[in-house]
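**Q** Structure file structure-v4.cif (mmCIF, C-alpha atoms and all ligand atoms) right here:
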```
data_structure
loop_
_atom_site.label_atom_id
_atom_site.label_comp_id
_atom_site.auth_asym_id
_atom_site.auth_seq_id
_atom_site.Cartn_x
_atom_site.Cartn_y
_atom_site.Cartn_z
CA MET L 180 16.53 17.98 -13.85
CA GLU L 181 14.78 20.52 -11.67
CA ILE L 182 16.11 21.50 -8.26
CA GLU L 183 12.84 23.07 -7.14
CA GLY L 184 10.70 20.53 -5.26
CA ASN L 185 13.42 17.87 -5.10
CA ILE L 186 15.37 16.44 -2.16
CA ILE L 187 19.13 16.73 -2.48
CA LEU L 188 21.73 15.00 -0.33
CA ILE L 189 25.21 16.45 -0.29
CA THR L 190 28.09 14.47 1.15
CA GLY L 191 30.74 16.79 2.56
CA GLY L 192 28.04 19.48 2.55
CA ALA L 193 29.52 21.23 5.59
CA GLY L 194 32.83 21.85 3.84
CA PHE L 195 34.09 24.80 1.82
CA ILE L 196 32.55 23.98 -1.56
CA GLY L 197 29.65 21.88 -0.31
CA SER L 198 28.30 24.55 2.03
CA HIS L 199 28.17 27.12 -0.78
CA ILE L 200 26.27 24.61 -2.93
CA VAL L 201 23.85 24.14 -0.02
CA ASP L 202 23.18 27.91 0.10
CA ARG L 203 22.42 27.97 -3.60
CA LEU L 204 20.18 24.88 -3.50
CA ILE L 205 18.04 26.59 -0.88
CA GLU L 206 17.82 29.71 -3.07
CA GLU L 207 16.75 27.43 -5.92
CA ASN L 208 13.85 26.16 -3.76
CA ALA L 209 15.00 22.61 -3.19
CA LYS L 210 12.33 20.77 -1.17
CA LYS L 211 15.02 19.76 1.32
CA VAL L 212 18.80 19.67 1.49
CA ILE L 213 20.44 16.90 3.53
CA VAL L 214 24.03 17.50 4.58
CA TYR L 215 25.81 14.19 5.23
CA ASP L 216 29.19 14.95 6.78
CA ASN L 217 31.55 13.51 9.38
CA PHE L 218 32.75 17.02 10.31
CA SER L 219 36.41 16.10 10.04
CA THR L 220 36.98 19.49 8.38
CA GLY L 221 33.43 20.76 7.78
CA LYS L 222 31.66 23.18 10.09
CA LYS L 223 28.07 23.00 11.33
CA GLU L 224 27.80 26.78 11.44
CA TYR L 225 28.12 26.92 7.62
CA VAL L 226 24.94 24.89 7.14
CA ALA L 227 22.79 25.32 10.25
CA LYS L 228 19.84 27.00 8.55
CA ASP L 229 16.20 26.45 7.58
CA GLY L 230 15.65 23.85 4.90
CA VAL L 231 18.79 21.88 5.82
CA ASP L 232 18.86 18.56 7.67
CA ILE L 233 22.29 17.88 9.13
CA ILE L 234 23.24 14.23 9.49
CA GLU L 235 26.55 13.48 11.14
CA GLY L 236 27.80 10.40 9.32
CA ASP L 237 30.73 8.93 7.47
CA ILE L 238 30.66 7.85 3.83
CA LEU L 239 32.43 4.70 5.03
CA ASP L 240 29.30 3.83 7.04
CA TYR L 241 27.30 2.27 4.22
CA LYS L 242 24.23 1.37 6.30
CA LYS L 243 23.75 4.91 7.57
CA LEU L 244 24.36 6.36 4.11
CA GLU L 245 21.83 4.05 2.50
CA LYS L 246 19.23 4.86 5.16
CA THR L 247 19.82 8.62 4.90
CA MET L 248 19.46 8.48 1.12
CA LYS L 249 15.87 7.20 1.30
CA ASN L 250 13.60 9.38 -0.89
CA VAL L 251 16.54 11.47 -2.12
CA ASP L 252 16.27 12.63 -5.74
CA ILE L 253 19.75 14.07 -6.34
CA VAL L 254 23.14 13.37 -4.73
CA SER L 255 26.08 15.75 -4.78
CA HIS L 256 29.19 13.88 -3.66
CA HIS L 257 31.77 16.24 -2.16
CA ALA L 258 33.09 14.34 0.88
CA ALA L 259 36.74 13.38 0.42
CA GLU L 260 40.20 13.23 1.88
CA LEU L 261 41.82 16.22 0.19
CA GLU L 262 45.15 16.48 1.91
CA VAL L 263 47.84 15.58 -0.61
CA PHE L 264 50.40 14.98 2.17
CA THR L 265 47.95 12.71 4.03
CA GLY L 266 47.43 10.75 0.82
CA ILE L 267 51.19 10.33 0.42
CA ASP L 268 51.76 9.34 4.06
CA ASN L 269 48.64 7.19 4.38
CA SER L 270 47.53 6.12 0.93
CA ILE L 271 45.25 3.41 2.34
CA HIS L 272 43.25 6.03 4.23
CA ASP L 273 43.08 8.14 1.04
CA LEU L 274 41.95 5.08 -0.94
CA ARG L 275 39.29 4.13 1.60
CA THR L 276 37.77 7.60 1.86
CA ASN L 277 37.93 8.52 -1.80
CA ILE L 278 37.37 5.16 -3.52
CA GLU L 279 35.50 2.95 -1.06
CA GLY L 280 33.57 6.00 0.17
CA THR L 281 32.59 6.92 -3.39
CA LEU L 282 31.50 3.33 -4.09
CA ASN L 283 29.33 3.45 -0.97
CA VAL L 284 27.72 6.66 -2.23
CA LEU L 285 27.14 5.12 -5.67
CA ASN L 286 25.72 1.87 -4.25
CA ALA L 287 23.39 3.71 -1.88
CA ALA L 288 22.27 5.87 -4.82
CA ILE L 289 21.40 2.80 -6.93
CA LYS L 290 19.61 1.17 -4.03
CA ASN L 291 17.50 4.29 -3.46
CA LYS L 292 16.84 4.95 -7.18
CA VAL L 293 18.52 8.36 -7.09
CA LYS L 294 17.91 10.26 -10.33
CA LYS L 295 21.21 12.14 -10.65
CA LEU L 296 24.64 12.19 -9.02
CA ILE L 297 27.28 14.91 -9.26
CA TYR L 298 30.84 13.90 -8.37
CA ALA L 299 33.46 16.44 -7.30
CA SER L 300 36.61 15.38 -9.10
CA SER L 301 39.85 17.30 -9.49
CA GLY L 302 42.21 18.66 -12.12
CA GLY L 303 44.75 16.67 -10.07
CA VAL L 304 43.87 13.67 -12.28
CA TYR L 305 46.14 15.00 -15.05
CA GLY L 306 49.48 15.20 -13.26
CA GLN L 307 52.26 17.14 -14.99
CA ALA L 308 50.91 18.94 -18.08
CA ASN L 309 52.01 17.68 -21.51
CA TYR L 310 50.33 20.69 -23.11
CA LEU L 311 48.41 23.74 -21.97
CA PRO L 312 45.63 24.38 -21.32
CA GLU L 313 44.73 20.80 -20.39
CA ASP L 314 41.48 19.61 -21.93
CA GLU L 315 39.55 16.49 -20.96
CA ASN L 316 41.54 14.40 -23.49
CA HIS L 317 44.86 15.20 -21.83
CA PRO L 318 46.67 12.03 -20.60
CA LEU L 319 45.77 11.04 -17.04
CA MET L 320 48.93 10.51 -15.01
CA PRO L 321 48.20 11.73 -11.46
CA HIS L 322 51.22 12.70 -9.37
CA TRP L 323 49.80 11.87 -5.99
CA PRO L 324 47.62 9.15 -4.41
CA TYR L 325 44.92 11.86 -4.14
CA GLY L 326 44.76 12.17 -7.95
CA VAL L 327 44.63 8.39 -8.36
CA SER L 328 41.75 8.05 -5.91
CA LYS L 329 39.80 10.97 -7.41
CA LEU L 330 40.28 9.49 -10.88
CA SER L 331 39.04 6.09 -9.66
CA GLY L 332 35.90 7.80 -8.34
CA GLU L 333 35.29 9.29 -11.79
CA LYS L 334 35.74 5.94 -13.50
CA TYR L 335 33.27 4.29 -11.12
CA CYS L 336 30.78 7.09 -11.77
CA LEU L 337 31.02 6.36 -15.49
CA GLN L 338 30.63 2.64 -14.88
CA TYR L 339 27.54 3.15 -12.78
CA TYR L 340 26.12 5.33 -15.53
CA LEU L 341 26.80 2.67 -18.17
CA LEU L 342 25.99 -0.43 -16.08
CA HIS L 343 23.16 0.77 -13.87
CA GLY L 344 21.80 3.79 -15.74
CA LEU L 345 22.59 6.16 -12.85
CA PRO L 346 23.07 9.58 -14.47
CA THR L 347 26.42 10.80 -13.13
CA VAL L 348 28.44 13.93 -13.89
CA SER L 349 32.09 14.38 -12.88
CA LEU L 350 33.53 17.86 -12.46
CA ARG L 351 37.31 18.31 -12.48
CA TYR L 352 37.82 21.47 -10.46
CA GLY L 353 40.74 23.86 -10.74
CA ILE L 354 41.96 25.48 -7.52
CA VAL L 355 38.78 26.64 -5.87
CA TYR L 356 39.07 29.79 -3.76
CA GLY L 357 36.81 32.26 -1.95
CA PRO L 358 35.16 32.68 1.47
CA ARG L 359 35.35 29.52 3.66
CA GLU L 360 38.40 28.18 1.78
CA TRP L 361 40.38 25.96 4.13
CA TYR L 362 43.85 26.97 5.21
CA GLY L 363 46.83 25.22 3.65
CA ARG L 364 47.27 26.14 0.00
CA VAL L 365 49.41 28.90 -1.48
CA LEU L 366 46.77 31.63 -1.67
CA THR L 367 45.66 31.04 1.93
CA LEU L 368 49.25 30.86 3.21
CA PHE L 369 50.01 34.19 1.53
CA ILE L 370 46.85 35.87 2.83
CA LYS L 371 47.51 34.80 6.42
CA ARG L 372 51.19 35.79 6.32
CA VAL L 373 50.50 39.22 4.86
CA LEU L 374 47.59 39.89 7.24
CA GLU L 375 49.99 39.11 10.10
CA GLY L 376 52.56 41.54 8.68
CA ASN L 377 54.91 38.86 7.27
CA ALA L 378 56.29 38.35 3.77
CA PRO L 379 54.74 35.60 1.64
CA ILE L 380 57.26 32.86 0.85
CA ILE L 381 57.48 31.79 -2.76
CA PHE L 382 58.93 28.34 -3.52
CA GLY L 383 61.16 28.16 -6.62
CA ASP L 384 61.09 30.98 -9.15
CA GLY L 385 57.37 31.65 -8.63
CA ASN L 386 56.54 31.19 -12.31
CA GLN L 387 54.40 28.06 -11.71
CA ARG L 388 50.93 28.89 -13.08
CA ARG L 389 47.65 27.71 -11.62
CA ASP L 390 44.00 27.77 -12.66
CA TYR L 391 41.93 29.57 -10.01
CA VAL L 392 38.17 29.21 -10.00
CA TYR L 393 36.03 31.31 -7.67
CA ILE L 394 33.56 29.47 -5.45
CA ASP L 395 30.46 31.12 -7.02
CA ASP L 396 31.55 29.91 -10.46
CA VAL L 397 32.03 26.37 -9.11
CA VAL L 398 28.55 26.49 -7.61
CA GLU L 399 27.14 27.69 -10.93
CA GLY L 400 28.89 24.79 -12.71
CA ASN L 401 27.27 22.37 -10.27
CA ILE L 402 23.83 23.86 -10.77
CA LEU L 403 24.16 23.72 -14.57
CA SER L 404 25.26 20.08 -14.29
CA ILE L 405 22.21 19.20 -12.21
CA LYS L 406 19.78 21.02 -14.45
CA ASN L 407 21.04 20.04 -17.89
CA GLU L 408 20.46 16.49 -19.13
CA LYS L 409 23.29 16.88 -21.62
CA ALA L 410 25.74 16.66 -18.70
CA GLU L 411 24.84 13.06 -17.87
CA GLY L 412 27.61 10.48 -18.30
CA LYS L 413 30.15 13.26 -18.90
CA VAL L 414 33.38 14.47 -17.33
CA PHE L 415 34.06 18.21 -17.43
CA ASN L 416 36.90 20.50 -16.52
CA LEU L 417 35.58 23.28 -14.31
CA GLY L 418 38.19 26.00 -14.16
CA GLY L 419 38.28 29.76 -13.91
CA ASN L 420 39.38 30.43 -17.50
CA ASN L 421 42.53 32.09 -16.19
CA SER L 422 45.98 31.32 -14.91
CA TYR L 423 48.09 33.12 -12.35
CA SER L 424 51.68 32.43 -11.39
CA VAL L 425 52.55 31.99 -7.72
CA LYS L 426 54.48 35.27 -8.00
CA GLN L 427 51.40 37.08 -9.33
CA VAL L 428 49.26 35.62 -6.54
CA ALA L 429 51.73 36.99 -3.97
CA ASP L 430 51.71 40.41 -5.68
CA ILE L 431 47.91 40.57 -5.68
CA VAL L 432 47.65 39.60 -2.00
CA ILE L 433 50.30 42.20 -1.09
CA GLU L 434 48.58 44.90 -3.14
CA LEU L 435 45.21 44.19 -1.48
CA ILE L 436 46.48 43.98 2.10
CA ASN L 437 49.81 45.73 2.60
CA PRO L 438 51.78 47.14 -0.36
CA ASP L 439 54.86 47.75 1.84
CA ILE L 440 55.60 44.03 2.06
CA LYS L 441 57.97 42.26 -0.39
CA PRO L 442 57.85 38.49 -1.06
CA ILE L 443 60.73 36.21 -0.06
CA TYR L 444 62.01 33.41 -2.33
CA ASP L 445 62.95 29.99 -0.99
CA ASP L 446 63.89 26.76 -2.73
CA PRO L 447 63.45 23.82 -0.32
CA ILE L 448 63.99 20.28 -1.58
CA PRO L 449 60.58 18.68 -2.27
CA GLY L 450 59.31 17.10 0.93
CA GLU L 451 61.50 19.42 3.07
CA SER L 452 60.43 22.48 5.06
CA SER L 453 60.96 26.12 4.22
CA LYS L 454 63.80 27.74 6.15
CA PHE L 455 61.62 30.83 6.59
CA GLN L 456 58.45 28.96 7.53
CA PRO L 457 59.45 25.68 9.24
CA ASN L 458 55.90 24.28 9.46
CA ARG L 459 55.45 24.51 5.67
CA LYS L 460 56.79 21.66 3.55
CA ARG L 461 57.28 21.72 -0.20
CA LEU L 462 55.13 19.17 -1.99
CA PRO L 463 56.95 16.31 -3.67
CA GLY L 464 55.89 16.08 -7.33
CA GLU L 465 54.90 19.75 -7.46
CA LEU L 466 53.15 20.62 -10.71
CA LYS L 467 54.88 23.07 -12.98
CA ASP L 468 51.79 24.49 -14.62
CA PHE L 469 48.16 23.57 -14.08
CA ILE L 470 45.73 25.29 -16.43
CA LEU L 471 42.38 23.82 -17.39
CA ASP L 472 40.58 24.23 -20.69
CA SER L 473 36.92 24.48 -19.66
CA SER L 474 35.54 25.01 -23.17
CA PHE L 475 33.74 21.62 -23.28
CA MET L 476 31.58 22.72 -20.38
CA ARG L 477 31.13 26.17 -21.86
CA ASN L 478 30.00 24.73 -25.20
CA LEU L 479 27.70 22.06 -23.80
CA LEU L 480 26.29 23.70 -20.66
CA ASN L 481 27.00 27.38 -21.24
CA TYR L 482 29.36 27.51 -18.25
CA ILE L 483 31.06 30.91 -18.18
CA PRO L 484 33.17 31.74 -15.11
CA LYS L 485 32.46 35.36 -14.26
CA THR L 486 34.64 36.27 -11.31
CA ASP L 487 37.71 38.43 -11.75
CA PHE L 488 40.60 36.95 -9.74
CA LYS L 489 41.56 40.10 -7.86
CA PHE L 490 37.92 40.74 -6.94
CA GLY L 491 37.55 37.13 -5.71
CA VAL L 492 40.74 37.30 -3.65
CA GLY L 493 39.42 40.53 -2.11
CA LYS L 494 36.23 38.70 -1.10
CA GLU L 495 38.26 35.91 0.48
CA ILE L 496 40.40 38.43 2.39
CA GLU L 497 37.27 40.17 3.74
CA TRP L 498 36.02 36.80 4.98
CA VAL L 499 39.36 35.82 6.50
CA LYS L 500 39.57 39.09 8.43
CA ARG L 501 36.31 38.17 10.16
CA ASN L 502 37.18 34.47 10.58
CA LEU L 503 40.90 34.14 11.22
CA ASP L 504 40.05 31.91 14.19
CA ILE L 505 38.80 29.26 11.73
CA TRP L 506 42.19 29.17 9.99
CA ASN L 507 43.93 29.09 13.34
CA THR L 508 41.98 26.06 14.54
CA LEU L 509 41.41 23.91 11.44
CA PRO L 510 43.25 20.58 11.45
CA ARG L 511 45.11 21.46 8.25
CA VAL L 512 47.86 23.79 9.44
N1 LIG L 601 38.97 22.93 -2.89
C1 LIG L 601 39.45 22.67 -4.08
O1 LIG L 601 40.20 23.49 -4.67
C2 LIG L 601 39.13 21.39 -4.79
C3 LIG L 601 39.74 21.14 -6.02
C4 LIG L 601 39.46 19.94 -6.67
C5 LIG L 601 38.53 19.05 -6.14
N2 LIG L 601 37.95 19.32 -4.94
C6 LIG L 601 36.99 18.34 -4.41
O2 LIG L 601 35.86 19.03 -3.90
C7 LIG L 601 35.33 18.34 -2.78
C8 LIG L 601 35.11 19.31 -1.61
O3 LIG L 601 36.34 19.92 -1.28
P1 LIG L 601 36.43 21.17 -0.27
O4 LIG L 601 37.51 22.05 -0.76
O5 LIG L 601 35.08 21.72 -0.03
O6 LIG L 601 36.99 20.45 1.04
P2 LIG L 601 36.46 20.45 2.55
O7 LIG L 601 37.43 19.70 3.37
O8 LIG L 601 36.12 21.83 2.96
O9 LIG L 601 35.12 19.60 2.40
C9 LIG L 601 35.10 18.19 2.51
C10 LIG L 601 33.96 17.83 3.45
O10 LIG L 601 33.87 16.40 3.51
C11 LIG L 601 33.74 16.01 4.86
N3 LIG L 601 34.28 14.65 4.95
C12 LIG L 601 35.58 14.27 4.83
N4 LIG L 601 35.68 12.94 4.93
C13 LIG L 601 34.42 12.47 5.13
C14 LIG L 601 33.89 11.19 5.32
N5 LIG L 601 34.67 10.09 5.37
N6 LIG L 601 32.55 11.05 5.48
C15 LIG L 601 31.75 12.15 5.48
N7 LIG L 601 32.20 13.40 5.31
C16 LIG L 601 33.53 13.55 5.14
C17 LIG L 601 34.51 17.06 5.66
O11 LIG L 601 34.12 17.15 7.00
C18 LIG L 601 34.19 18.32 4.88
O12 LIG L 601 33.00 18.91 5.34
C19 LIG L 601 36.29 17.19 -2.50
O13 LIG L 601 35.74 16.01 -3.05
C20 LIG L 601 37.55 17.56 -3.24
O14 LIG L 601 38.29 16.43 -3.64
C21 LIG L 601 38.24 20.47 -4.24
#
```
Let me see the file written as structure tokens.
Ligand SMILES: NC(=O)c1ccc[n+]([C@@H]2O[C@H](COP(=O)([O-])OP(=O)(O)OC[C@H]3O[C@@H](n4cnc5c(N)ncnc54)[C@H](O)[C@@H]3O)[C@@H](O)[C@H]2O)c1

**A**
Amino acid sequence: MEIEGNIILITGGAGFIGSHIVDRLIEENAKKVIVYDNFSTGKKEYVAKDGVDIIEGDILDYKKLEKTMKNVDIVSHHAAELEVFTGIDNSIHDLRTNIEGTLNVLNAAIKNKVKKLIYASSGGVYGQANYLPEDENHPLMPHWPYGVSKLSGEKYCLQYYLLHGLPTVSLRYGIVYGPREWYGRVLTLFIKRVLEGNAPIIFGDGNQRRDYVYIDDVVEGNILSIKNEKAEGKVFNLGGNNSYSVKQVADIVIELINPDIKPIYDDPIPGESSKFQPNRKRLPGELKDFILDSSFMRNLLNYIPKTDFKFGVGKEIEWVKRNLDIWNTLPRV
């Protein structure tokens, strides 16, 4: 469906991915963009601009959500609890935000006769890879509560499509990176360490591979999913069509910031802290390799990720240099 002339509500619209989608929706001449966010991690400054209504609200507040969704044509659902450690330590909170919250969004969408809903899912639904790259038919065996709750959201989206005729699209993202990325994952840890003159710390042998998808490509995938009717009732991988090992990521960050630095290797027990970086714990259930096959989306929607990884990392570094205070003050450190 068209974006031009329509009203779009985006939950979690003040976050990393959501705020970039907001920028693009304005460029695409949306009639209005409504950001619905509780600002637990999102930032008003990302979305305070013409054409955007900012509503401070929680997806667990059904009444407010339903009221805010009046006259909305399209919903993009990006609000979530993303912290894997939080999900492990407080799985009820993860469940409530990601499952109950998603059901609230779906119910409010039905009530308000929304015409399309995009759901931000995650490649985390697969768990440890049985084969690579992982396509949409790969077994679903999430390793963490986060993956279970994101998968539940997807399944409810499909049910609401089948039962209520709400056209939903679920997008299983790879590791999204670029300006406004939140601090906490490997690429961001490496960038901050190297900018501060310290060595990046690699856990294990550093050969674990990951699928990195640049923010502009994720935004493009969202726009294609809104515009193309063929996407309705579908679940797509949305990756970067690449894979980089943790070691390669460290090398690229070092090359772009300070080639004199050498990485350090550490092998903490999962759940324990690094001896070189005591505030960084190793994830239990760490994935060996995580590489998405995004060819279903390419074939059906003509999704072609365009951003070279080194170029994208360079863009993120430029942004971080101007905004290090954001990484120093975000709750996830
Ligand atoms: N970043 C990635 O690599 C990645 C990968 C896979 C999936 N995703 C999914 O993409 C979506 C956006 O992720 P992001 O990286 O932009 O994270 P983010 O933390 O930057 O954005 C999430 C936004 O949701 C808001 N929010 C959180 N809980 C809320 C609640 N209860 N009610 C209202 N708003 C709430 C936060 O304030 C924030 O603005 C999430 O659904 C996440 O699961 C992200």

**Q** Return as CSV the residues of chain L lying at most 8 Å from ligand LIG 601 (chain L), together with the closest atom-to-atom pair for each and the distance in Å to one decimal, counting all atoms listed in the file, with rows in chain order and ascending residue number.

**A**
```
residue,atom,partner,partner_atom,distance
L:Thr190,CA,L:LIG601,N7,5.9
L:Gly191,CA,L:LIG601,O10,3.3
L:Gly192,CA,L:LIG601,O12,5.7
L:Ala193,CA,L:LIG601,O12,4.2
L:Gly194,CA,L:LIG601,O12,3.3
L:Phe195,CA,L:LIG601,O5,3.7
L:Ile196,CA,L:LIG601,O5,3.7
L:Gly197,CA,L:LIG601,O5,5.4
L:Ser198,CA,L:LIG601,O5,7.6
L:Tyr215,CA,L:LIG601,C15,6.3
L:Asp216,CA,L:LIG601,N7,3.7
L:Asn217,CA,L:LIG601,N7,4.1
L:Phe218,CA,L:LIG601,O11,3.6
L:Ser219,CA,L:LIG601,O11,3.9
L:Thr220,CA,L:LIG601,O11,3.9
L:Gly221,CA,L:LIG601,O12,3.1
L:Lys222,CA,L:LIG601,O12,6.5
L:Glu235,CA,L:LIG601,C15,7.8
L:Gly236,CA,L:LIG601,C15,5.8
L:Asp237,CA,L:LIG601,N6,3.4
L:Ile238,CA,L:LIG601,N6,4.1
L:Leu239,CA,L:LIG601,N5,5.8
L:His256,CA,L:LIG601,O13,6.9
L:His257,CA,L:LIG601,O13,4.1
L:Ala258,CA,L:LIG601,O10,3.4
L:Ala259,CA,L:LIG601,O13,4.5
L:Glu260,CA,L:LIG601,N4,5.5
L:Leu261,CA,L:LIG601,O14,5.2
L:Thr276,CA,L:LIG601,N5,5.3
L:Asn277,CA,L:LIG601,O13,7.9
L:Gly280,CA,L:LIG601,N5,6.7
L:Tyr298,CA,L:LIG601,O13,7.5
L:Ala299,CA,L:LIG601,O13,4.8
L:Ser300,CA,L:LIG601,C5,5.1
L:Ser301,CA,L:LIG601,C4,3.9
L:Gly302,CA,L:LIG601,C4,6.2
L:Gly303,CA,L:LIG601,C4,7.1
L:Lys329,CA,L:LIG601,O14,6.8
L:Arg351,CA,L:LIG601,C4,6.4
L:Tyr352,CA,L:LIG601,C4,4.4
L:Gly353,CA,L:LIG601,C3,5.5
L:Ile354,CA,L:LIG601,O1,3.9
L:Val355,CA,L:LIG601,O1,3.7
L:Tyr356,CA,L:LIG601,O1,6.5
L:Arg359,CA,L:LIG601,O8,7.8
L:Glu360,CA,L:LIG601,O4,6.7
L:Trp361,CA,L:LIG601,O8,6.0
```

**Q** Looking at all atoms listed in the file, which of L:Asp487, L:Asp472, L:Asp273, L:Asp384 is the one that sits closest to L:Gly326?

**A**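 Checking each candidate against L:Gly326, we get L:Asp273 as the closest.
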
**Q** Just give me the gap between atom CA of L:Pro318 and atom CA of L:Leu417 in Å, one decimal is fine.

**A**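 Separation of atom CA of L:Pro318 and atom CA of L:Leu417: 17.0 Å.
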
**Q** Between L:Tyr305, L:Leu188, L:Glu207, L:Leu374, which residue has the minimum interatomic distance to L:Thr247, considering all atoms listed in the file?

**A**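 The closest residue to L:Thr247 is L:Leu188.
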
**Q** I'd like the interatomic distance between atom CA of L:Gly383 and atom CA of L:Asp468, to a tenth of an Å.

**A** 12.9 Å

**Q** Using all atoms listed in the file for the distances, tell me which of L:Asn420, L:Ser270, L:Thr367, L:Asn283 is nearest to L:Leu244.

**A**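 The closest residue to L:Leu244 is L:Asn283.
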
**Q** Pick out the residues sitting within 12 Å of L:Tyr310, and hand them over as a list in words; count only C-alpha atoms, and ignore anything fewer than 2 positions along from it in its own chain.

**A**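 Everything that qualifies: Tyr305, Gly306, Gln307, Ala308, Pro312, Glu313, Asp314, Glu315, Asn316, His317, Pro318, Lys467, Asp468, Phe469, Ile470, Leu471 and Asp472 of chain L.
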
**Q** What does the file look like for those residues with C-alpha atoms, as an mmCIF file, keeping the file's coordinate frame?

**A**
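As a result, selection.cif now contains:
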```cif
data_model
loop_
_atom_site.group_PDB
_atom_site.id
_atom_site.type_symbol
_atom_site.label_atom_id
_atom_site.label_comp_id
_atom_site.auth_asym_id
_atom_site.auth_seq_id
_atom_site.Cartn_x
_atom_site.Cartn_y
_atom_site.Cartn_z
ATOM 1 C CA TYR L 305 46.140 15.000 -15.050
ATOM 2 C CA GLY L 306 49.480 15.200 -13.260
ATOM 3 C CA GLN L 307 52.260 17.140 -14.990
ATOM 4 C CA ALA L 308 50.910 18.940 -18.080
ATOM 5 C CA PRO L 312 45.630 24.380 -21.320
ATOM 6 C CA GLU L 313 44.730 20.800 -20.390
ATOM 7 C CA ASP L 314 41.480 19.610 -21.930
ATOM 8 C CA GLU L 315 39.550 16.490 -20.960
ATOM 9 C CA ASN L 316 41.540 14.400 -23.490
ATOM 10 C CA HIS L 317 44.860 15.200 -21.830
ATOM 11 C CA PRO L 318 46.670 12.030 -20.600
ATOM 12 C CA LYS L 467 54.880 23.070 -12.980
ATOM 13 C CA ASP L 468 51.790 24.490 -14.620
ATOM 14 C CA PHE L 469 48.160 23.570 -14.080
ATOM 15 C CA ILE L 470 45.730 25.290 -16.430
ATOM 16 C CA LEU L 471 42.380 23.820 -17.390
ATOM 17 C CA ASP L 472 40.580 24.230 -20.690
#
```

**Q** Please output stretch 303-315 of chain L, rebuilt to include N, CA and C atoms, as a PDB file, in the frame of the given file.

**A**
```
ATOM      1  N   GLY L 303      43.600  17.459 -10.507  1.00  0.00           N
ATOM      2  CA  GLY L 303      44.750  16.670 -10.070  1.00  0.00           C
ATOM      3  C   GLY L 303      44.841  15.325 -10.786  1.00  0.00           C
ATOM      4  N   VAL L 304      43.817  14.948 -11.546  1.00  0.00           N
ATOM      5  CA  VAL L 304      43.870  13.670 -12.280  1.00  0.00           C
ATOM      6  C   VAL L 304      44.872  13.714 -13.433  1.00  0.00           C
ATOM      7  N   TYR L 305      45.266  14.921 -13.867  1.00  0.00           N
ATOM      8  CA  TYR L 305      46.140  15.000 -15.050  1.00  0.00           C
ATOM      9  C   TYR L 305      47.620  14.795 -14.732  1.00  0.00           C
ATOM     10  N   GLY L 306      48.045  15.226 -13.548  1.00  0.00           N
ATOM     11  CA  GLY L 306      49.480  15.200 -13.260  1.00  0.00           C
ATOM     12  C   GLY L 306      50.196  16.303 -14.022  1.00  0.00           C
ATOM     13  N   GLN L 307      51.480  16.085 -14.313  1.00  0.00           N
ATOM     14  CA  GLN L 307      52.260  17.140 -14.990  1.00  0.00           C
ATOM     15  C   GLN L 307      51.703  17.368 -16.415  1.00  0.00           C
ATOM     16  N   ALA L 308      51.533  18.642 -16.781  1.00  0.00           N
ATOM     17  CA  ALA L 308      50.910  18.940 -18.080  1.00  0.00           C
ATOM     18  C   ALA L 308      51.828  18.606 -19.249  1.00  0.00           C
ATOM     19  N   ASN L 309      51.275  17.904 -20.245  1.00  0.00           N
ATOM     20  CA  ASN L 309      52.010  17.680 -21.510  1.00  0.00           C
ATOM     21  C   ASN L 309      51.805  18.858 -22.436  1.00  0.00           C
ATOM     22  N   TYR L 310      50.647  19.497 -22.313  1.00  0.00           N
ATOM     23  CA  TYR L 310      50.330  20.690 -23.110  1.00  0.00           C
ATOM     24  C   TYR L 310      49.357  21.536 -22.307  1.00  0.00           C
ATOM     25  N   LEU L 311      49.275  22.806 -22.699  1.00  0.00           N
ATOM     26  CA  LEU L 311      48.410  23.740 -21.970  1.00  0.00           C
ATOM     27  C   LEU L 311      47.501  24.508 -22.933  1.00  0.00           C
ATOM     28  N   PRO L 312      46.291  24.865 -22.526  1.00  0.00           N
ATOM     29  CA  PRO L 312      45.630  24.380 -21.320  1.00  0.00           C
ATOM     30  C   PRO L 312      45.234  22.907 -21.488  1.00  0.00           C
ATOM     31  N   GLU L 313      45.036  22.237 -20.356  1.00  0.00           N
ATOM     32  CA  GLU L 313      44.730  20.800 -20.390  1.00  0.00           C
ATOM     33  C   GLU L 313      43.227  20.611 -20.607  1.00  0.00           C
ATOM     34  N   ASP L 314      42.896  19.919 -21.712  1.00  0.00           N
ATOM     35  CA  ASP L 314      41.480  19.610 -21.930  1.00  0.00           C
ATOM     36  C   ASP L 314      41.183  18.205 -21.388  1.00  0.00           C
ATOM     37  N   GLU L 315      39.948  17.765 -21.555  1.00  0.00           N
ATOM     38  CA  GLU L 315      39.550  16.490 -20.960  1.00  0.00           C
ATOM     39  C   GLU L 315      40.238  15.296 -21.631  1.00  0.00           C
TER      40      GLU L 315
END
```
